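Step one of this worksheet: look at the structure below.
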Amino acid sequence: MGKPRVATTSLCGCFGCHMSLLDIDERILSLVELVDFDRSPINDIKELSGPVDIGLVEGGCANEENVKVLQEFREHCRVLISVGDCAINGGIPAMRNMVPLRECFREAFLDGPTVVNPAGKIPDDEEIPLLLDRVYPCHEVVKVEYHLPGCPPSADTLWEALNALLEGRSLELPYELIKYD
Amino acid sequence: MGATREEVVKVICQDYGNDRSRLLDIARDVREQLGCVDSPAVDCIAEVLSIPRVEIESLVSFYSFLYSEPQGQVQIRICNDVPDMMKGADRIASELEEELGIQVGETTPDGKFSLEYASCIGLSDQAPSALVNDLMVPRLGAGTARRGVQILKERGELKELDKLLIRDYGDGNNAHDLVRSACSNNIRKAGEVILAEMRRGAGLEKALAMSPVEVIREIKTSRLRGRGGAGFPTGMKWEFTRAADGDRRYLVCNADEGEPGTFKDRVILTERPDLLFEGMTIGGYAIGAEDGLVYLRAEYAYLREFLEHALAKRRELGLLGENVCGKEGFHFDIRIQMGAGAYICGEETALISSCEGLRGDPKNRPPFPAQHGYLGKPTSVNNVETLCCVARILQRGSGWFSAIGSPGSTGTKLLSISGDCMRPGVYEVPFGIRLSEVFAMCDAQDPMAAQVGGPSGKMVGEADFDRTICFDDLATGGSLMVFGRDRDVLEIASQFMQFFVHESCGYCTPCRVGNVLLKERLDKILGGHGQPTDLEYLQRLGESIKMASRCGLGQTSPNPVLSTLESFRSAYEERIRDADDVEESGFDLQSALSTAQTLTGRKSVHFED
Ligand SMILES: Cc1cc2nc3c(=O)[nH]c(=O)nc-3n(C[C@H](O)[C@H](O)[C@H](O)COP(=O)(O)O)c2cc1C
Ligand code: SF4
């Protein structure tokens, strides 16, 4: 039997959760012993190669591409984990949820004080994914098995969670790891 | 040349003695005379009263009958409570949207018409209905609303709307010269306590022959409990108020009648105003107050002149004023305080805030109003019906009263019955009556459910039809809505939640945010996307909101969900999806993308077709 496969992605996040994953420092060597990485910014593999055991998702869904990626993860991953507050709640990007999309566009592309846009046109290039009407937490778009809170969850939290999952034991995080003030 | 804005505001403020505690009245009058309380008007008021602008702005933004922007000369408010929606209020709304060329919430470009929804306006038994400025327009049939608007459109002068819109006045005092309303009383059953005749002064004379303490004792022996919803013993409340320290005391009548589906106070105010004022005067005597206030909901403004007239008549007869009924040293008078459209102002501490010219925010308790109420003085807040009971108890004796009803709930109760029954209206029944007997009385054929006590009350099903209406079983401030077999209890619960979301004062996060979350989750289930875990979520969230909210609104607002979870669990379970249905999330990609597609003028590349 091969090693369990892990995939990670950052949707509408800041890569902070991935940085936190790198913060496990030298334990990353053990991690590589334990699992094989499928698609992930860490190894720069861009596409999922097949069935994956654990998917770690950072960030919520702000645009169509986020939804597409998240749905692919859902399709391929046995267990999907929302990592960090953006994936769980929408986080900072979701602050725009208070403002209708139309007004966001107007401020960003038409009327904002630093905008120069003589044509008065909202960019429509296909390279730019269409924004969703608001930012959605991942579990509102697909089913998600676990949530790992934190902004970002600390390296120890991530390490503990992965190990617990791999060893099939229940996760017990000490108070210090889930206290945020 | 008309007066300038400054002059108008100055005169209005002067009318209220430049008294900051009358800010609500001032804002109401400014709105009436200048069309709205806009920024320059706020400046004028702030200057005259020497208060910060923000106090005025926060007041204006709170009340739904005050506006900071100009509204149409004719303001149409379509009642969207559940019984009205069942009778096609949304159809009336689209009819008017089409006729006026605007959406609900907008004003026509010519400034003639505004269209909006209103929470229950107190006509659930004659639904669908609307409030047009101060005019009640009940029983809107197909096309009547449209025709009404067409008539108004043809007129240059939009005055005396009643002459244009109303053909027949309602029964009883609805046809009185000072009321002239199309509302009907729909009194289906009159009892001996509230709806029987009474000679002016009959109760008051007896009260004044006793000492105030004896009056309170009489009320205590009658075991009268408050009719406004909470059922607190009235005698005890008065005892506390009388005993509290203070150089002045106040008796406030709660005529806010905001619980959707309740309209019995409207009928009392129309048919028995003297019974109410008599009860208030007795209450004033008992607690040692010289001032009475009637907090009259803005929707009932059409009754104001009539009530003022009744008060004037009582003054003339010596039943109000100095030395009432010749009783040396007992002075008592009553003022009507108009509300401005907020359900929360029915909650007694919010009501007091509102009377003080503040936003209708509830206050922390303790101290209770009995110690620290209106303007910081000991105050008793009593419901309209409670005060009517008081007058009758004094007239006929506590023994007579307590023989009616059930041991824990003495006397009669006015029920406001609406929904799926042949005879909606007002019924005065003894406490302890079974729900099934009520159904028989109002001719509800094969009901599936009833909402007892309005949205904040309970939704009960067949298993509970043998239960009784009283404080110890199914309590109600009067509202009773009947639902037939073809109604969807979850849809109804969702509409009730919408009501609470709209009416929360916003102070407590559990109430302000929690009710929104409850409604969202309920709607997810309604949309067919519910998962088994959602039921537990609803239960836990609902209980948290109840536990962590400051006032009665938040403490009861999850009831539509919690009581349907209890009585109609299968309605939820039928719609819940399989737990293993991984694909299912309820996310609607098309609607999430549609705005961006419109704005950029292109289609999705990630999701073709
Ligand atoms: C949100 C809310 C709304 C209320 N609305 C009313 C109302 O419209 N009329 C009323 O008499 N009591 C209302 N009450 C109850 C009052 O707070 C208060 O208990 C009552 O007026 C006391 O009078 P009573 O003892 O005669 O019932 C409401 C309470 C809450 C929490
Ligand atoms: S419970 Fe709701 S209505 Fe009551 S004070 Fe709190 S936020 Fe306001």
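Each chain in the structure tokens gets a letter, A, B and so on, in the order shown; residues start at 1 in every chain, and ligands are counted from 1 in the order they appear.
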
Exercise. Compile the residues of chain B that lie within 12 Å of chain A, evaluated using only C-alpha atoms, and express the compilation as a PyMOL selection string.
Key: chain B and resi 520-521+524+529-531+579-608

Quiz prompt | Close residues to ligand 1 using only C-alpha atoms and all ligand atoms, limit 9 Å, as a PyMOL selection string | solution = chain B and resi 225-234+237+252-259+262+265+297+343-351+362+380-387+456+477+503-504+551-557

Next, the residues of the selection above should be written as a PDB file, in the first residue's frame with C-alpha atoms.
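Now in result.pdb:
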```pdb
ATOM      1  CA  ARG B 225     -52.998  39.004  35.399  1.00  0.00           C
ATOM      2  CA  GLY B 226     -51.689  41.272  32.662  1.00  0.00           C
ATOM      3  CA  ARG B 227     -53.223  40.764  29.238  1.00  0.00           C
ATOM      4  CA  GLY B 228     -50.254  42.089  27.230  1.00  0.00           C
ATOM      5  CA  GLY B 229     -48.473  38.754  27.051  1.00  0.00           C
ATOM      6  CA  ALA B 230     -46.374  38.188  30.156  1.00  0.00           C
ATOM      7  CA  GLY B 231     -49.282  37.649  32.547  1.00  0.00           C
ATOM      8  CA  PHE B 232     -47.763  39.383  35.540  1.00  0.00           C
ATOM      9  CA  PRO B 233     -50.225  39.897  38.420  1.00  0.00           C
ATOM     10  CA  THR B 234     -51.498  43.456  38.078  1.00  0.00           C
ATOM     11  CA  LYS B 237     -47.208  45.405  39.958  1.00  0.00           C
ATOM     12  CA  VAL B 252     -48.782  54.072  31.180  1.00  0.00           C
ATOM     13  CA  CYS B 253     -51.235  52.208  29.011  1.00  0.00           C
ATOM     14  CA  ASN B 254     -49.591  49.990  26.448  1.00  0.00           C
ATOM     15  CA  ALA B 255     -51.644  50.413  23.280  1.00  0.00           C
ATOM     16  CA  ASP B 256     -48.833  49.445  20.952  1.00  0.00           C
ATOM     17  CA  GLU B 257     -50.523  46.196  19.947  1.00  0.00           C
ATOM     18  CA  GLY B 258     -47.713  45.052  17.723  1.00  0.00           C
ATOM     19  CA  GLU B 259     -47.767  41.268  18.073  1.00  0.00           C
ATOM     20  CA  THR B 262     -53.459  40.863  17.505  1.00  0.00           C
ATOM     21  CA  ASP B 265     -56.990  46.490  21.505  1.00  0.00           C
ATOM     22  CA  ARG B 297     -49.178  52.773  17.975  1.00  0.00           C
ATOM     23  CA  TYR B 343     -42.833  46.415  17.307  1.00  0.00           C
ATOM     24  CA  ILE B 344     -40.167  46.507  19.988  1.00  0.00           C
ATOM     25  CA  CYS B 345     -41.837  49.575  21.521  1.00  0.00           C
ATOM     26  CA  GLY B 346     -44.511  47.236  22.865  1.00  0.00           C
ATOM     27  CA  GLU B 347     -41.894  45.863  25.254  1.00  0.00           C
ATOM     28  CA  GLU B 348     -42.442  47.945  28.363  1.00  0.00           C
ATOM     29  CA  THR B 349     -38.934  49.307  28.857  1.00  0.00           C
ATOM     30  CA  ALA B 350     -38.596  50.112  25.146  1.00  0.00           C
ATOM     31  CA  LEU B 351     -41.999  51.748  25.351  1.00  0.00           C
ATOM     32  CA  PRO B 362     -35.234  48.235  25.773  1.00  0.00           C
ATOM     33  CA  SER B 380     -46.707  50.969  35.913  1.00  0.00           C
ATOM     34  CA  VAL B 381     -47.135  49.819  32.323  1.00  0.00           C
ATOM     35  CA  ASN B 382     -50.389  47.977  31.684  1.00  0.00           C
ATOM     36  CA  ASN B 383     -52.055  46.629  28.617  1.00  0.00           C
ATOM     37  CA  VAL B 384     -55.320  48.138  27.309  1.00  0.00           C
ATOM     38  CA  GLU B 385     -57.349  45.047  28.109  1.00  0.00           C
ATOM     39  CA  THR B 386     -55.842  44.722  31.597  1.00  0.00           C
ATOM     40  CA  LEU B 387     -56.945  48.252  32.450  1.00  0.00           C
ATOM     41  CA  SER B 456     -43.446  34.953  19.735  1.00  0.00           C
ATOM     42  CA  GLY B 477     -51.791  38.138  24.383  1.00  0.00           C
ATOM     43  CA  GLU B 503     -37.928  44.205  14.334  1.00  0.00           C
ATOM     44  CA  SER B 504     -34.881  43.372  16.471  1.00  0.00           C
ATOM     45  CA  CYS B 551     -35.369  41.482  26.295  1.00  0.00           C
ATOM     46  CA  GLY B 552     -38.503  39.531  25.555  1.00  0.00           C
ATOM     47  CA  LEU B 553     -38.101  39.911  21.812  1.00  0.00           C
ATOM     48  CA  GLY B 554     -34.877  37.935  21.616  1.00  0.00           C
ATOM     49  CA  GLN B 555     -36.051  35.607  24.348  1.00  0.00           C
ATOM     50  CA  THR B 556     -39.026  34.546  22.228  1.00  0.00           C
ATOM     51  CA  SER B 557     -37.917  35.164  18.643  1.00  0.00           C
TER      52      SER B 557
END
```

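Residues in contact with stretch 151-165 of chain A at up to 6 Å, not including ones fewer than 3 positions away on its chain and judged by only C-alpha atoms, are A:Cys17, A:Ser20, A:Leu21, A:Asp23, A:Ile24, A:Gly84, A:Asp85, A:Gly168, A:Arg169, A:Leu171.
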
Same residues, N, CA and C atoms, output as a CSV table (one decimal), in the first residue's frame:
```csv
chain,number,residue,atom,x,y,z
A,17,CYS,N,-1.9,30.5,5.6
A,17,CYS,CA,-2.1,29.1,6.2
A,17,CYS,C,-1.0,28.2,5.6
A,20,SER,N,2.1,28.8,7.4
A,20,SER,CA,2.0,28.2,8.7
A,20,SER,C,2.4,26.7,8.6
A,21,LEU,N,2.0,26.1,7.5
A,21,LEU,CA,2.3,24.7,7.3
A,21,LEU,C,3.8,24.6,7.1
A,23,ASP,N,5.9,26.3,8.6
A,23,ASP,CA,6.4,26.6,9.9
A,23,ASP,C,6.6,25.3,10.7
A,24,ILE,N,6.2,24.2,10.2
A,24,ILE,CA,6.5,23.0,11.0
A,24,ILE,C,8.0,22.7,10.9
A,84,GLY,N,-8.2,27.4,8.4
A,84,GLY,CA,-8.1,28.8,8.6
A,84,GLY,C,-9.4,29.5,8.5
A,85,ASP,N,-9.4,30.8,9.0
A,85,ASP,CA,-10.7,31.5,9.1
A,85,ASP,C,-11.3,31.9,7.8
A,168,GLY,N,-5.4,7.8,12.6
A,168,GLY,CA,-6.8,7.4,12.9
A,168,GLY,C,-7.2,7.6,14.3
A,169,ARG,N,-6.5,8.5,15.1
A,169,ARG,CA,-7.0,8.8,16.4
A,169,ARG,C,-7.7,10.1,16.5
A,171,LEU,N,-8.6,13.9,17.5
A,171,LEU,CA,-7.7,15.0,17.6
A,171,LEU,C,-7.9,15.7,18.9
```

Quiz prompt | Between atom CA of B:Pro447 and atom CA of B:Leu565, distance in Å (one decimal) | solution = 18.8 Å
